[in-house]
$ cat protein32.pdb   # PDB, C-alpha atoms
ATOM      1  CA  MET A   1     146.266  75.141 329.200
ATOM      2  CA  LYS A   2     146.611  75.658 325.465
ATOM      3  CA  GLY A   3     148.340  72.989 323.386
ATOM      4  CA  ARG A   4     151.544  74.123 321.682
ATOM      5  CA  LEU A   5     151.385  74.293 317.871
ATOM      6  CA  PHE A   6     154.328  74.933 315.553
ATOM      7  CA  LEU A   7     153.521  76.262 312.069
ATOM      8  CA  ILE A   8     156.495  75.516 309.832
ATOM      9  CA  GLY A   9     156.539  77.869 306.847
ATOM     10  CA  GLY A  10     153.722  79.688 308.611
ATOM     11  CA  SER A  11     154.280  83.212 307.290
ATOM     12  CA  GLY A  12     152.546  82.599 303.965
ATOM     13  CA  PHE A  13     148.904  82.786 302.902
ATOM     14  CA  ILE A  14     147.824  79.513 304.526
ATOM     15  CA  GLY A  15     149.863  79.987 307.690
ATOM     16  CA  LYS A  16     148.500  83.466 308.313
ATOM     17  CA  ASN A  17     144.937  82.227 307.989
ATOM     18  CA  LEU A  18     145.658  79.328 310.350
ATOM     19  CA  VAL A  19     147.049  81.819 312.872
ATOM     20  CA  ARG A  20     143.974  84.031 312.523
ATOM     21  CA  CYS A  21     141.573  81.127 313.004
ATOM     22  CA  LEU A  22     143.439  79.019 315.592
ATOM     23  CA  HIS A  23     145.461  81.406 317.778
ATOM     24  CA  GLU A  24     142.812  81.481 320.505
ATOM     25  CA  GLN A  25     142.844  77.676 320.782
ATOM     26  CA  TYR A  26     146.606  77.020 320.612
ATOM     27  CA  ALA A  27     149.883  78.579 321.712
ATOM     28  CA  ILE A  28     151.344  79.089 318.241
ATOM     29  CA  SER A  29     154.959  79.500 317.148
ATOM     30  CA  VAL A  30     155.689  80.337 313.509
ATOM     31  CA  TYR A  31     158.948  79.298 311.808
ATOM     32  CA  ASP A  32     159.805  80.652 308.365
ATOM     33  CA  LYS A  33     162.620  82.129 306.278
ATOM     34  CA  PHE A  34     160.556  85.313 306.014
ATOM     35  CA  ILE A  35     158.375  86.788 308.768
ATOM     36  CA  ASP A  36     155.650  89.322 307.973
ATOM     37  CA  LYS A  37     156.206  91.433 311.087
ATOM     38  CA  GLU A  38     153.376  93.818 310.249
ATOM     39  CA  TYR A  39     150.830  90.999 310.049
ATOM     40  CA  PHE A  40     151.979  89.156 313.154
ATOM     41  CA  SER A  41     152.003  92.377 315.194
ATOM     42  CA  ASN A  42     148.233  91.849 315.303
ATOM     43  CA  TYR A  43     148.834  88.586 317.209
ATOM     44  CA  PRO A  44     151.274  89.391 320.032
ATOM     45  CA  ASP A  45     150.655  85.979 321.609
ATOM     46  CA  VAL A  46     152.109  84.251 318.509
ATOM     47  CA  ARG A  47     155.874  83.700 318.564
ATOM     48  CA  THR A  48     157.732  84.186 315.281
ATOM     49  CA  ASN A  49     161.122  82.715 314.428
ATOM     50  CA  LEU A  50     163.326  83.416 311.405
ATOM     51  CA  ILE A  51     164.970  80.225 310.136
ATOM     52  CA  GLU A  52     166.227  78.608 306.905
ATOM     53  CA  LEU A  53     164.193  75.427 307.233
ATOM     54  CA  ASP A  54     166.092  73.385 304.626
ATOM     55  CA  LYS A  55     169.444  74.197 306.242
ATOM     56  CA  ASP A  56     168.927  74.739 309.958
ATOM     57  CA  LYS A  57     167.250  72.793 312.743
ATOM     58  CA  ILE A  58     164.992  74.238 315.402
ATOM     59  CA  GLU A  59     167.138  74.519 318.508
ATOM     60  CA  GLU A  60     167.158  71.541 320.873
ATOM     61  CA  SER A  61     166.615  73.897 323.816
ATOM     62  CA  ILE A  62     163.164  74.914 322.520
ATOM     63  CA  GLU A  63     160.377  72.959 324.171
ATOM     64  CA  ALA A  64     158.732  70.464 321.833
ATOM     65  CA  PRO A  65     155.156  71.230 320.767
ATOM     66  CA  ASP A  66     152.073  69.052 320.989
ATOM     67  CA  TYR A  67     151.418  69.536 317.276
ATOM     68  CA  ILE A  68     153.330  70.539 314.143
ATOM     69  CA  ILE A  69     151.852  71.608 310.791
ATOM     70  CA  ASN A  70     154.490  71.688 308.062
ATOM     71  CA  LEU A  71     153.440  74.105 305.310
ATOM     72  CA  ALA A  72     156.931  74.718 303.926
ATOM     73  CA  SER A  73     156.973  74.332 300.153
ATOM     74  CA  ILE A  74     157.509  76.035 296.823
ATOM     75  CA  VAL A  75     154.134  75.997 295.069
ATOM     76  CA  THR A  76     154.120  76.206 291.270
ATOM     77  CA  ALA A  77     152.137  74.911 288.318
ATOM     78  CA  GLU A  78     155.192  75.087 286.047
ATOM     79  CA  ARG A  79     156.336  71.938 284.224
ATOM     80  CA  ASP A  80     159.991  73.064 284.282
ATOM     81  CA  LEU A  81     162.241  70.125 285.256
ATOM     82  CA  SER A  82     164.967  72.507 286.447
ATOM     83  CA  LEU A  83     162.794  73.220 289.497
ATOM     84  CA  PHE A  84     163.399  69.765 291.000
ATOM     85  CA  ASP A  85     166.376  70.698 293.173
ATOM     86  CA  SER A  86     164.701  73.695 294.803
ATOM     87  CA  MET A  87     161.440  71.814 295.343
ATOM     88  CA  ILE A  88     163.174  68.815 296.902
ATOM     89  CA  ALA A  89     164.981  71.184 299.257
ATOM     90  CA  SER A  90     161.767  72.997 300.216
ATOM     91  CA  ASN A  91     159.745  69.793 300.675
ATOM     92  CA  LEU A  92     161.664  66.592 301.338
ATOM     93  CA  LYS A  93     164.737  68.097 303.006
ATOM     94  CA  VAL A  94     162.629  70.237 305.331
ATOM     95  CA  LEU A  95     160.580  67.184 306.338
ATOM     96  CA  LEU A  96     163.698  65.124 307.080
ATOM     97  CA  ASN A  97     165.266  67.974 309.095
ATOM     98  CA  LEU A  98     162.107  68.256 311.175
ATOM     99  CA  TYR A  99     161.960  64.502 311.668
ATOM    100  CA  GLU A 100     165.555  64.422 312.940
ATOM    101  CA  ARG A 101     164.783  67.238 315.370
ATOM    102  CA  PHE A 102     161.518  65.850 316.784
ATOM    103  CA  LYS A 103     161.745  62.059 316.305
ATOM    104  CA  ASP A 104     162.474  61.408 319.986
ATOM    105  CA  GLU A 105     159.998  63.917 321.442
ATOM    106  CA  ALA A 106     157.369  61.895 323.311
ATOM    107  CA  LYS A 107     155.210  65.010 323.749
ATOM    108  CA  LEU A 108     154.519  65.325 320.006
ATOM    109  CA  LYS A 109     151.006  64.027 319.304
ATOM    110  CA  LEU A 110     150.630  64.822 315.599
ATOM    111  CA  PHE A 111     152.806  66.081 312.766
ATOM    112  CA  ILE A 112     150.756  67.215 309.756
ATOM    113  CA  GLN A 113     152.649  67.191 306.465
ATOM    114  CA  PHE A 114     151.204  69.146 303.529
ATOM    115  CA  GLY A 115     150.690  67.102 300.390
ATOM    116  CA  SER A 116     148.743  68.128 297.299
ATOM    117  CA  SER A 117     145.635  66.955 295.485
ATOM    118  CA  GLU A 118     147.745  67.292 292.309
ATOM    119  CA  GLU A 119     149.511  64.088 293.338
ATOM    120  CA  TYR A 120     146.539  62.126 291.965
ATOM    121  CA  GLY A 121     147.014  63.130 288.329
ATOM    122  CA  ASN A 122     144.268  63.485 285.713
ATOM    123  CA  ASP A 123     141.995  60.466 285.878
ATOM    124  CA  GLY A 124     139.652  59.001 288.454
ATOM    125  CA  SER A 125     137.782  61.936 289.989
ATOM    126  CA  PRO A 126     136.560  61.894 292.730
ATOM    127  CA  PHE A 127     139.991  61.108 294.093
ATOM    128  CA  VAL A 128     140.208  58.717 297.031
ATOM    129  CA  GLU A 129     143.265  58.464 299.267
ATOM    130  CA  THR A 130     143.837  54.795 298.398
ATOM    131  CA  MET A 131     144.227  55.493 294.663
ATOM    132  CA  ARG A 132     147.606  55.149 293.004
ATOM    133  CA  GLU A 133     149.018  58.581 292.239
ATOM    134  CA  GLU A 134     150.007  59.711 288.744
ATOM    135  CA  PRO A 135     151.575  63.177 289.163
ATOM    136  CA  ASN A 136     151.911  65.309 286.014
ATOM    137  CA  SER A 137     154.306  68.027 287.172
ATOM    138  CA  PRO A 138     157.605  68.277 289.066
ATOM    139  CA  TYR A 139     155.726  69.904 291.956
ATOM    140  CA  ALA A 140     153.210  67.058 292.186
ATOM    141  CA  LEU A 141     155.950  64.433 291.846
ATOM    142  CA  VAL A 142     158.018  65.951 294.671
ATOM    143  CA  LYS A 143     154.880  66.158 296.794
ATOM    144  CA  GLN A 144     154.231  62.458 296.171
ATOM    145  CA  LEU A 145     157.820  61.625 297.114
ATOM    146  CA  THR A 146     157.430  63.611 300.334
ATOM    147  CA  THR A 147     154.101  61.918 301.096
ATOM    148  CA  ASN A 148     155.663  58.468 300.641
ATOM    149  CA  THR A 149     158.564  59.481 302.881
ATOM    150  CA  ALA A 150     156.160  60.667 305.574
ATOM    151  CA  MET A 151     154.285  57.372 305.494
ATOM    152  CA  MET A 152     157.585  55.458 305.680
ATOM    153  CA  LEU A 153     158.590  57.443 308.766
ATOM    154  CA  HIS A 154     155.336  56.397 310.401
ATOM    155  CA  ARG A 155     155.487  52.730 309.392
ATOM    156  CA  ASN A 156     159.158  52.156 310.191
ATOM    157  CA  TYR A 157     159.733  54.472 313.126
ATOM    158  CA  ALA A 158     156.240  55.103 314.572
ATOM    159  CA  PHE A 159     156.610  58.843 313.966
ATOM    160  CA  PRO A 160     153.169  60.419 314.630
ATOM    161  CA  ILE A 161     152.752  61.889 311.167
ATOM    162  CA  MET A 162     149.882  62.255 308.717
ATOM    163  CA  VAL A 163     149.521  63.886 305.283
ATOM    164  CA  VAL A 164     146.733  66.254 304.260
ATOM    165  CA  ARG A 165     145.960  66.789 300.594
ATOM    166  CA  PRO A 166     144.123  70.118 300.393
ATOM    167  CA  GLY A 167     141.777  71.176 297.647
ATOM    168  CA  ASN A 168     142.361  74.480 295.854
ATOM    169  CA  LEU A 169     142.654  76.959 298.695
ATOM    170  CA  PHE A 170     141.426  80.539 298.439
ATOM    171  CA  GLY A 171     140.694  83.351 300.859
ATOM    172  CA  SER A 172     141.967  86.602 302.301
ATOM    173  CA  LEU A 173     145.686  87.410 302.011
ATOM    174  CA  GLN A 174     146.164  85.226 298.907
ATOM    175  CA  GLY A 175     148.514  86.560 296.229
ATOM    176  CA  GLY A 176     146.851  88.470 293.409
ATOM    177  CA  LYS A 177     148.256  86.176 290.705
ATOM    178  CA  LYS A 178     146.232  83.197 291.937
ATOM    179  CA  PHE A 179     143.053  82.443 290.003
ATOM    180  CA  ILE A 180     140.311  83.688 292.345
ATOM    181  CA  PRO A 181     142.076  86.894 293.492
ATOM    182  CA  TYR A 182     142.921  87.657 289.853
ATOM    183  CA  VAL A 183     139.288  87.171 288.832
ATOM    184  CA  ILE A 184     137.809  89.248 291.658
ATOM    185  CA  ASP A 185     140.341  92.086 291.381
ATOM    186  CA  SER A 186     139.905  92.309 287.595
ATOM    187  CA  LEU A 187     136.123  92.250 287.795
ATOM    188  CA  LYS A 188     136.064  94.963 290.457
ATOM    189  CA  LEU A 189     138.237  97.170 288.243
ATOM    190  CA  ASN A 190     136.156  96.342 285.139
ATOM    191  CA  THR A 191     139.333  95.314 283.327
ATOM    192  CA  PRO A 192     139.467  92.471 280.752
ATOM    193  CA  LEU A 193     140.265  88.932 281.876
ATOM    194  CA  ASN A 194     142.456  86.718 279.709
ATOM    195  CA  VAL A 195     141.841  83.108 280.710
ATOM    196  CA  THR A 196     141.746  79.542 279.371
ATOM    197  CA  PRO A 197     138.422  78.171 278.076
ATOM    198  CA  CYS A 198     137.814  77.529 281.815
ATOM    199  CA  GLU A 199     135.935  74.281 281.356
ATOM    200  CA  GLN A 200     138.243  72.595 283.871
ATOM    201  CA  LYS A 201     136.717  71.938 287.300
ATOM    202  CA  ARG A 202     138.386  72.421 290.659
ATOM    203  CA  ASP A 203     137.591  71.477 294.250
ATOM    204  CA  PHE A 204     137.985  74.782 296.080
ATOM    205  CA  ILE A 205     138.052  75.251 299.852
ATOM    206  CA  TYR A 206     137.878  78.580 301.682
ATOM    207  CA  ALA A 207     140.786  79.312 304.044
ATOM    208  CA  ASP A 208     138.489  79.602 307.083
ATOM    209  CA  ASP A 209     136.888  76.225 306.327
ATOM    210  CA  PHE A 210     140.314  74.686 305.838
ATOM    211  CA  ALA A 211     141.504  76.066 309.186
ATOM    212  CA  TRP A 212     138.413  74.622 310.862
ATOM    213  CA  ALA A 213     139.104  71.204 309.340
ATOM    214  CA  MET A 214     142.727  71.338 310.457
ATOM    215  CA  GLY A 215     141.600  72.160 313.967
ATOM    216  CA  GLU A 216     139.271  69.150 313.926
ATOM    217  CA  LEU A 217     142.121  66.888 312.790
ATOM    218  CA  LEU A 218     144.262  68.149 315.675
ATOM    219  CA  LYS A 219     141.449  67.357 318.111
ATOM    220  CA  ASN A 220     141.153  63.856 316.641
ATOM    221  CA  HIS A 221     144.891  63.244 316.390
ATOM    222  CA  THR A 222     144.753  59.640 317.603
ATOM    223  CA  LYS A 223     142.625  58.691 314.581
ATOM    224  CA  ALA A 224     144.595  60.891 312.169
ATOM    225  CA  VAL A 225     148.109  59.525 312.784
ATOM    226  CA  GLY A 226     149.406  57.468 309.879
ATOM    227  CA  GLN A 227     146.682  58.609 307.477
ATOM    228  CA  ILE A 228     146.594  60.429 304.148
ATOM    229  CA  VAL A 229     143.504  62.652 304.195
ATOM    230  CA  ASN A 230     141.875  64.878 301.579
ATOM    231  CA  VAL A 231     140.842  68.229 303.057
ATOM    232  CA  SER A 232     138.533  69.854 300.535
ATOM    233  CA  SER A 233     134.873  70.593 299.855
ATOM    234  CA  GLY A 234     134.188  67.300 298.072
ATOM    235  CA  GLU A 235     132.603  69.214 295.171
ATOM    236  CA  SER A 236     134.046  70.636 291.960
ATOM    237  CA  LEU A 237     133.004  73.723 290.020
ATOM    238  CA  SER A 238     134.122  74.839 286.575
ATOM    239  CA  LEU A 239     136.351  77.895 286.509
ATOM    240  CA  LYS A 240     133.895  79.474 284.073
ATOM    241  CA  SER A 241     131.011  79.143 286.544
ATOM    242  CA  ILE A 242     133.148  80.812 289.215
ATOM    243  CA  ILE A 243     133.987  83.735 286.932
ATOM    244  CA  GLU A 244     130.365  84.220 285.902
ATOM    245  CA  HIS A 245     129.106  84.026 289.497
ATOM    246  CA  CYS A 246     131.654  86.610 290.621
ATOM    247  CA  ARG A 247     130.818  88.836 287.639
ATOM    248  CA  LYS A 248     127.138  88.730 288.578
ATOM    249  CA  VAL A 249     127.723  89.438 292.292
ATOM    250  CA  ILE A 250     130.093  92.331 291.559
ATOM    251  CA  GLY A 251     128.010  93.699 288.683
ATOM    252  CA  SER A 252     131.164  93.930 286.608
ATOM    253  CA  LYS A 253     131.389  95.132 283.028
ATOM    254  CA  SER A 254     134.665  93.306 282.402
ATOM    255  CA  GLU A 255     135.121  91.455 279.132
ATOM    256  CA  VAL A 256     136.160  87.847 279.758
ATOM    257  CA  ASN A 257     138.304  86.461 276.945
ATOM    258  CA  TYR A 258     137.778  82.721 277.279
ATOM    259  CA  GLY A 259     140.440  80.774 275.412
ATOM    260  CA  ALA A 260     142.942  83.639 275.309
ATOM    261  CA  ILE A 261     145.312  81.363 277.229
ATOM    262  CA  PRO A 262     145.757  77.704 276.233
ATOM    263  CA  TYR A 263     145.382  74.858 278.691
ATOM    264  CA  ARG A 264     148.562  73.594 280.319
ATOM    265  CA  GLU A 265     150.077  70.363 279.063
ATOM    266  CA  ASN A 266     148.173  67.419 280.615
ATOM    267  CA  GLU A 267     145.631  69.822 282.123
ATOM    268  CA  MET A 268     143.563  68.209 284.871
ATOM    269  CA  MET A 269     139.953  68.701 283.758
ATOM    270  CA  ASP A 270     138.126  67.579 286.900
ATOM    271  CA  LEU A 271     139.794  67.738 290.286
ATOM    272  CA  ARG A 272     137.368  66.598 292.949
ATOM    273  CA  CYS A 273     138.421  64.883 296.162
ATOM    274  CA  SER A 274     136.433  62.476 298.278
ATOM    275  CA  VAL A 275     136.047  63.737 301.853
ATOM    276  CA  ASN A 276     134.719  60.457 303.272
ATOM    277  CA  LYS A 277     137.902  59.752 305.240
ATOM    278  CA  LEU A 278     137.984  63.288 306.647
ATOM    279  CA  GLU A 279     134.378  62.930 307.783
ATOM    280  CA  SER A 280     135.159  59.555 309.368
ATOM    281  CA  ILE A 281     138.110  60.918 311.346
ATOM    282  CA  ILE A 282     136.442  64.088 312.637
ATOM    283  CA  GLY A 283     133.093  62.364 313.189
ATOM    284  CA  GLN A 284     130.891  64.854 311.357
ATOM    285  CA  PRO A 285     129.811  65.717 307.810
ATOM    286  CA  VAL A 286     131.729  68.208 305.691
ATOM    287  CA  LYS A 287     129.555  70.658 303.754
ATOM    288  CA  PHE A 288     130.987  73.939 302.518
ATOM    289  CA  ASP A 289     129.066  76.394 300.323
ATOM    290  CA  MET A 290     131.617  77.547 297.760
ATOM    291  CA  LEU A 291     129.462  80.262 296.194
ATOM    292  CA  ASN A 292     128.591  81.699 299.605
ATOM    293  CA  ARG A 293     132.300  81.791 300.500
ATOM    294  CA  LEU A 294     133.054  83.593 297.231
ATOM    295  CA  GLU A 295     130.481  86.248 298.085
ATOM    296  CA  LYS A 296     131.983  86.628 301.545
ATOM    297  CA  LEU A 297     135.452  87.127 300.048
ATOM    298  CA  ILE A 298     134.117  89.644 297.498
TER
END
$ encode --input "protein32.pdb" --output "structure tokens"
Amino acid sequence: MKGRLFLIGGSGFIGKNLVRCLHEQYAISVYDKFIDKEYFSNYPDVRTNLIELDKDKIEESIEAPDYIINLASIVTAERDLSLFDSMIASNLKVLLNLYERFKDEAKLKLFIQFGSSEEYGNDGSPFVETMREEPNSPYALVKQLTTNTAMMLHRNYAFPIMVVRPGNLFGSLQGGKKFIPYVIDSLKLNTPLNVTPCEQKRDFIYADDFAWAMGELLKNHTKAVGQIVNVSSGESLSLKSIIEHCRKVIGSKSEVNYGAIPYRENEMMDLRCSVNKLESIIGQPVKFDMLNRLEKLI
């Protein structure tokens, strides 16, 4: 019998890829304030539920799942302090609502809360889960607050929760404004690219590899409970090297205007996450070929 998995905020880019990769292994229910009916029509075994997660609770009459992955969040690189209220609602309030609903459910084996590798700040790459965080944006700060709350819920109330800090995710279904889709789409159309100097490095992870890692954490839930775990490739590549590799594979004639856009304030120049804890929990090495995954996506 399949284990029951709830994907909270599961109608976005990451949730859809988790459904695609995990629906044969788990009985999945998706909860979100927007449901992409066209996409989920391809997965009739997946239940979809429309809900305002920061305001409403999942009904008590619904059978508790074995696992929950909470993806609900507003994701932004903006440094605008006015975003705090909306981000607290979409992160911390959703977590606390879910905790109140499922805190007494003995069936629940693992609740995975989404953190962010941006919680670490600028210095100290490769980032290890035991490092003190130094977030540089409202988004990263709210993520850190939510991570600390999740760990408190485990320590004080034995709630079976963990936090994953993903690397920079990319893959099919991602919005065209994100870096890799923007690069690939522009290069295929032979249109100019306006970018930063692109010397900053990022730890990218392909959506399929991320889904695999999440599945392994679910299988090893007894070792994952109470942990903060980086889920990434463990390697970092400069954005410039990614652009040039994609340009070569596509054979594009696009002009790339490096430096047309300035770096963000307090730009993180090398984001690389240690995957030693992930490897320890799932009991196997993590080795993802970023350039191969780029070619697959292209």
$ residues_around --input "protein32.pdb" --residues "Ala211 (chain A)" --least-positions-apart "4" --cutoff "12 Å" --atoms "only C-alpha atoms" --output "PDB file with C-alpha atoms, keeping the file's coordinate frame"
ATOM      1  CA  PHE A  13     148.904  82.786 302.902  1.00  0.00           C
ATOM      2  CA  ILE A  14     147.824  79.513 304.526  1.00  0.00           C
ATOM      3  CA  GLY A  15     149.863  79.987 307.690  1.00  0.00           C
ATOM      4  CA  LYS A  16     148.500  83.466 308.313  1.00  0.00           C
ATOM      5  CA  ASN A  17     144.937  82.227 307.989  1.00  0.00           C
ATOM      6  CA  LEU A  18     145.658  79.328 310.350  1.00  0.00           C
ATOM      7  CA  VAL A  19     147.049  81.819 312.872  1.00  0.00           C
ATOM      8  CA  ARG A  20     143.974  84.031 312.523  1.00  0.00           C
ATOM      9  CA  CYS A  21     141.573  81.127 313.004  1.00  0.00           C
ATOM     10  CA  LEU A  22     143.439  79.019 315.592  1.00  0.00           C
ATOM     11  CA  HIS A  23     145.461  81.406 317.778  1.00  0.00           C
ATOM     12  CA  GLN A  25     142.844  77.676 320.782  1.00  0.00           C
ATOM     13  CA  ILE A  69     151.852  71.608 310.791  1.00  0.00           C
ATOM     14  CA  PRO A 166     144.123  70.118 300.393  1.00  0.00           C
ATOM     15  CA  LEU A 169     142.654  76.959 298.695  1.00  0.00           C
ATOM     16  CA  PHE A 170     141.426  80.539 298.439  1.00  0.00           C
ATOM     17  CA  GLY A 171     140.694  83.351 300.859  1.00  0.00           C
ATOM     18  CA  ILE A 205     138.052  75.251 299.852  1.00  0.00           C
ATOM     19  CA  TYR A 206     137.878  78.580 301.682  1.00  0.00           C
ATOM     20  CA  ALA A 207     140.786  79.312 304.044  1.00  0.00           C
ATOM     21  CA  GLY A 215     141.600  72.160 313.967  1.00  0.00           C
ATOM     22  CA  GLU A 216     139.271  69.150 313.926  1.00  0.00           C
ATOM     23  CA  LEU A 217     142.121  66.888 312.790  1.00  0.00           C
ATOM     24  CA  LEU A 218     144.262  68.149 315.675  1.00  0.00           C
ATOM     25  CA  VAL A 231     140.842  68.229 303.057  1.00  0.00           C
ATOM     26  CA  SER A 232     138.533  69.854 300.535  1.00  0.00           C
TER      27      SER A 232
END
$ closest_residue --input "protein32.pdb" --among "A:Val195, A:Ala213, A:Leu98, A:Met1" --to "Ile68 (chain A)" --atoms "all atoms listed in the file"
A:Leu98
$ resolve_selection --input "protein32.pdb" --expression "the PyMOL selection byres ((chain A and resi 115) around 10)" --output "tab-separated table (two decimals) with C-alpha atoms, in the coordinates of the input"
chain	number	residue	atom	x	y	z
A	70	ASN	CA	154.49	71.69	308.06
A	71	LEU	CA	153.44	74.10	305.31
A	73	SER	CA	156.97	74.33	300.15
A	91	ASN	CA	159.74	69.79	300.68
A	112	ILE	CA	150.76	67.22	309.76
A	113	GLN	CA	152.65	67.19	306.46
A	114	PHE	CA	151.20	69.15	303.53
A	116	SER	CA	148.74	68.13	297.30
A	117	SER	CA	145.64	66.96	295.48
A	118	GLU	CA	147.74	67.29	292.31
A	119	GLU	CA	149.51	64.09	293.34
A	140	ALA	CA	153.21	67.06	292.19
A	142	VAL	CA	158.02	65.95	294.67
A	143	LYS	CA	154.88	66.16	296.79
A	144	GLN	CA	154.23	62.46	296.17
A	145	LEU	CA	157.82	61.62	297.11
A	146	THR	CA	157.43	63.61	300.33
A	147	THR	CA	154.10	61.92	301.10
A	148	ASN	CA	155.66	58.47	300.64
A	150	ALA	CA	156.16	60.67	305.57
A	162	MET	CA	149.88	62.26	308.72
A	163	VAL	CA	149.52	63.89	305.28
A	164	VAL	CA	146.73	66.25	304.26
A	165	ARG	CA	145.96	66.79	300.59
A	166	PRO	CA	144.12	70.12	300.39
A	228	ILE	CA	146.59	60.43	304.15
A	229	VAL	CA	143.50	62.65	304.20
A	230	ASN	CA	141.88	64.88	301.58
$ residues_around --input "protein32.pdb" --residues "Lys55 (chain A)" --least-positions-apart "5" --cutoff "9 Å" --atoms "all atoms listed in the file" --output "ChimeraX atom specification"
/A:89,93-94,97
$ atom_distance --input "protein32.pdb" --atom1 "CA of Asn292 (chain A)" --atom2 "CA of Ser274 (chain A)"
20.8 Å
$ resolve_selection --input "protein32.pdb" --expression "the PyMOL selection byres ((chain A and resi 244) around 12)" --output "PyMOL selection string"
chain A and resi 180+183-184+187+193+198+237-243+245-256+258+291+294
$ resolve_selection --input "protein32.pdb" --expression "the PyMOL selection byres ((chain A and resi 275) around 10)" --output "MDAnalysis selection string"
chainID A and resid 126:129 229:235 272:274 276:280 285:287
$ residues_around --input "protein32.pdb" --residues "Ile28 (chain A)" --least-positions-apart "2" --cutoff "8 Å" --atoms "all atoms listed in the file" --output "count of residues only"
11
